[in-house]
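Structure first, then comments.
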Amino acid sequence: MRYFFAFLLGLALLSLTVFGIAGRRGTDFRKPPLEIFDDMVRQDKLRPQVPNAFFNDGRSSQPHVAGTIAQRIGNVNNDTWQASAKNTGIKPGSTNWVETIPVPVTTALLARGRERYNISCLPCHGASADGNGITKKIGAMAVVANLHDQRIAKLPDGELFQVISQGRNLMQGYGANIDVNDRWAIVAYLRALQRARLATLEEVPAADRASLK
Ligand code: HEC
């Protein structure tokens, strides 16, 4: 019992000492308080709508870059943004996917697609898109879709765009990392990979068939 009271007394003294020196949050001091952890109360950031000397116009909040279109305002889709199949992969005014890539498919676009695919998709789907990327080898992901799968090969271009943008099932979306043009470039390159694997002999011009056998 004696020890218990000694402990309580000790605890009370300790609390008094701590409070006496450190004070409570919100206590006013004459001198700036000693801050061991600053609790993120003060941060080196610009608060909105306050004057700031960093920018020439003296404002902390900068106007949007000319031509900026809001994708969404709150929960409501923006009509200007939605009206373009290029932004959504969906035919405007419908719920149907666009069947084919809505931007001109050029050699430059394919080259860009290859580069972007190799950065963003290859680690999981593999260089040839068969689903055997490094993440499978090291055991980080057990099942990665084989993009030569009949079902996936038959998806409309707009739906592939959507999968890249928003993700699907276990795959996360890459819309935040890959801009709209690059997503179409990747779709174009993916189509080229699928063609290289899935095309039939009948699709080769008759004159060239013999050289393939
Ligand atoms: C971190 C690993 C990872 C990355 C990176 C990744 N994917 Fe996937 N992807 C997956 C997995 C896992 C699935 C299977 C998802 C499921 O069905 O659960 C998948 C599925 C898919 C599908 C099939 C969707 C369907 O309808 O079944 C497509 C198409 C696809 N990915 C394309 C891409 C493209 C293009 C990229 C690059 C922009 C990419 N993925 C990047 C892991 C990844």
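Numbering starts fresh at 1 for the residues of each chain in the structure tokens, the chains themselves are lettered A, B, ... in the order given, and ligands are numbered from 1 as they appear.
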Problem set entry | Every residue of stretch 85-161 of chain A that DSSP places in alpha helix (DSSP H), as a PyMOL selection string | chain A and resi 85-88+107-120+122-125+134-137+150-153+157-161
Exercise. Can you list, as a list in words, every protein, DNA or RNA residue that comes within 12 Å of stretch 168-170 of chain A when you count only C-alpha atoms, leaving out same-chain residues fewer than 5 positions away?
Worked result: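 The neighbour list is Cys124, Met141, Ala142, Val143, Val144, Ala145, Glu159, Leu160, Phe161, Gln162 and Val163 of chain A.
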For this session: Considering only C-alpha atoms, return as a list of chain:residue names whatever protein or nucleic-acid residues lie within 7 Å of A:Pro51, sequence-local ones (same chain, fewer than 4 positions apart) excluded.
Result: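 Counting only C-alpha atoms, the residues come to A:Gly58, A:Arg59, A:Ser60.
Closest approach to A:Arg114 from the set A:Gly26, A:Leu8, A:Asp182, A:Gly139 is made by A:Asp182, with distances taken over only C-alpha atoms.
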Quick one: everything within 12 Å of A:Leu122, counting only C-alpha atoms, minus sequence neighbours fewer than 2 positions away in the same chain. Send it as a CSV table (one decimal) with N, CA, C and O atoms, in the first residue's frame.
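Once written, result-v5.csv looks like this:
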```
chain,number,residue,atom,x,y,z
A,113,GLY,N,3.3,4.8,-78.1
A,113,GLY,CA,2.5,3.7,-77.4
A,113,GLY,C,3.4,2.6,-76.9
A,113,GLY,O,3.3,2.2,-75.7
A,114,ARG,N,4.4,2.2,-77.7
A,114,ARG,CA,5.3,1.2,-77.3
A,114,ARG,C,6.1,1.7,-76.1
A,114,ARG,O,6.3,0.9,-75.1
A,115,GLU,N,6.6,2.9,-76.2
A,115,GLU,CA,7.4,3.4,-75.1
A,115,GLU,C,6.6,3.5,-73.8
A,115,GLU,O,7.1,3.1,-72.7
A,116,ARG,N,5.4,4.0,-73.9
A,116,ARG,CA,4.5,4.2,-72.7
A,116,ARG,C,4.1,2.8,-72.2
A,116,ARG,O,4.0,2.6,-71.0
A,117,TYR,N,3.8,1.9,-73.1
A,117,TYR,CA,3.4,0.5,-72.7
A,117,TYR,C,4.5,-0.1,-71.9
A,117,TYR,O,4.3,-0.7,-70.8
A,118,ASN,N,5.8,0.1,-72.4
A,118,ASN,CA,6.9,-0.6,-71.7
A,118,ASN,C,7.1,0.0,-70.3
A,118,ASN,O,7.7,-0.6,-69.5
A,119,ILE,N,6.7,1.3,-70.1
A,119,ILE,CA,6.9,1.9,-68.8
A,119,ILE,C,5.7,1.5,-67.9
A,119,ILE,O,6.0,1.0,-66.8
A,120,SER,N,4.5,1.6,-68.4
A,120,SER,CA,3.4,1.4,-67.5
A,120,SER,C,2.7,0.1,-67.4
A,120,SER,O,2.1,-0.3,-66.4
A,124,CYS,N,3.8,-5.7,-65.4
A,124,CYS,CA,2.8,-6.8,-65.1
A,124,CYS,C,2.4,-7.6,-66.3
A,124,CYS,O,2.4,-8.8,-66.2
A,125,HIS,N,2.1,-7.0,-67.4
A,125,HIS,CA,1.6,-7.8,-68.5
A,125,HIS,C,2.7,-8.4,-69.4
A,125,HIS,O,2.4,-9.2,-70.3
A,126,GLY,N,3.9,-8.0,-69.2
A,126,GLY,CA,5.0,-8.5,-70.0
A,126,GLY,C,5.2,-7.8,-71.3
A,126,GLY,O,4.3,-7.2,-71.8
A,127,ALA,N,6.4,-8.0,-71.9
A,127,ALA,CA,6.7,-7.2,-73.1
A,127,ALA,C,5.8,-7.6,-74.3
A,127,ALA,O,5.5,-6.8,-75.1
A,128,SER,N,5.3,-8.9,-74.3
A,128,SER,CA,4.5,-9.3,-75.4
A,128,SER,C,3.0,-9.3,-75.0
A,128,SER,O,2.2,-9.8,-75.7
A,129,ALA,N,2.7,-8.8,-73.8
A,129,ALA,CA,1.3,-8.7,-73.3
A,129,ALA,C,0.7,-10.0,-72.9
A,129,ALA,O,-0.5,-10.1,-72.9
A,130,ASP,N,1.5,-11.0,-72.7
A,130,ASP,CA,0.9,-12.3,-72.4
A,130,ASP,C,0.7,-12.5,-70.9
A,130,ASP,O,0.3,-13.6,-70.4
A,131,GLY,N,0.9,-11.5,-70.1
A,131,GLY,CA,0.6,-11.6,-68.7
A,131,GLY,C,1.8,-12.1,-67.9
A,131,GLY,O,1.6,-12.4,-66.7
A,132,ASN,N,3.0,-12.3,-68.5
A,132,ASN,CA,4.1,-12.8,-67.7
A,132,ASN,C,5.1,-11.8,-67.5
A,132,ASN,O,6.3,-11.9,-67.9
A,133,GLY,N,4.8,-10.7,-66.8
A,133,GLY,CA,5.7,-9.7,-66.4
A,133,GLY,C,6.5,-10.1,-65.1
A,133,GLY,O,6.3,-11.1,-64.6
A,134,ILE,N,7.3,-9.1,-64.7
A,134,ILE,CA,8.2,-9.4,-63.6
A,134,ILE,C,7.3,-9.6,-62.3
A,134,ILE,O,7.7,-10.4,-61.4
A,135,THR,N,6.2,-8.9,-62.2
A,135,THR,CA,5.4,-9.0,-60.9
A,135,THR,C,4.9,-10.5,-60.7
A,135,THR,O,4.7,-10.9,-59.6
A,136,LYS,N,4.7,-11.2,-61.8
A,136,LYS,CA,4.3,-12.6,-61.7
A,136,LYS,C,5.5,-13.5,-61.3
A,136,LYS,O,5.4,-14.3,-60.4
A,144,VAL,N,-2.2,-12.2,-63.7
A,144,VAL,CA,-2.2,-11.0,-64.5
A,144,VAL,C,-2.8,-11.4,-65.8
A,144,VAL,O,-2.5,-12.4,-66.4
A,145,ALA,N,-3.8,-10.6,-66.3
A,145,ALA,CA,-4.5,-11.0,-67.5
A,145,ALA,C,-3.5,-11.1,-68.7
A,145,ALA,O,-2.6,-10.3,-68.8
A,146,ASN,N,-3.8,-12.2,-69.5
A,146,ASN,CA,-3.1,-12.3,-70.7
A,146,ASN,C,-3.9,-11.5,-71.7
A,146,ASN,O,-5.1,-11.8,-72.0
A,147,LEU,N,-3.3,-10.5,-72.3
A,147,LEU,CA,-4.0,-9.6,-73.1
A,147,LEU,C,-4.3,-10.1,-74.5
A,147,LEU,O,-4.9,-9.5,-75.4
A,186,ILE,N,-1.2,3.8,-76.2
A,186,ILE,CA,-1.0,2.4,-75.7
A,186,ILE,C,-2.0,1.5,-76.3
A,186,ILE,O,-1.7,0.3,-76.6
A,190,LEU,N,-1.0,-1.8,-78.2
A,190,LEU,CA,-1.6,-3.1,-77.7
A,190,LEU,C,-2.3,-3.9,-78.9
A,190,LEU,O,-2.1,-5.1,-79.0
```
Exercise. Between A:Ala199, A:Pro123, A:Ala192, A:Pro156, which has the minimum distance to ligand 1 (counting only C-alpha atoms and all ligand atoms)?
Worked result: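 When distances to ligand 1 are compared using only C-alpha atoms and all ligand atoms, the smallest one comes from A:Pro123.
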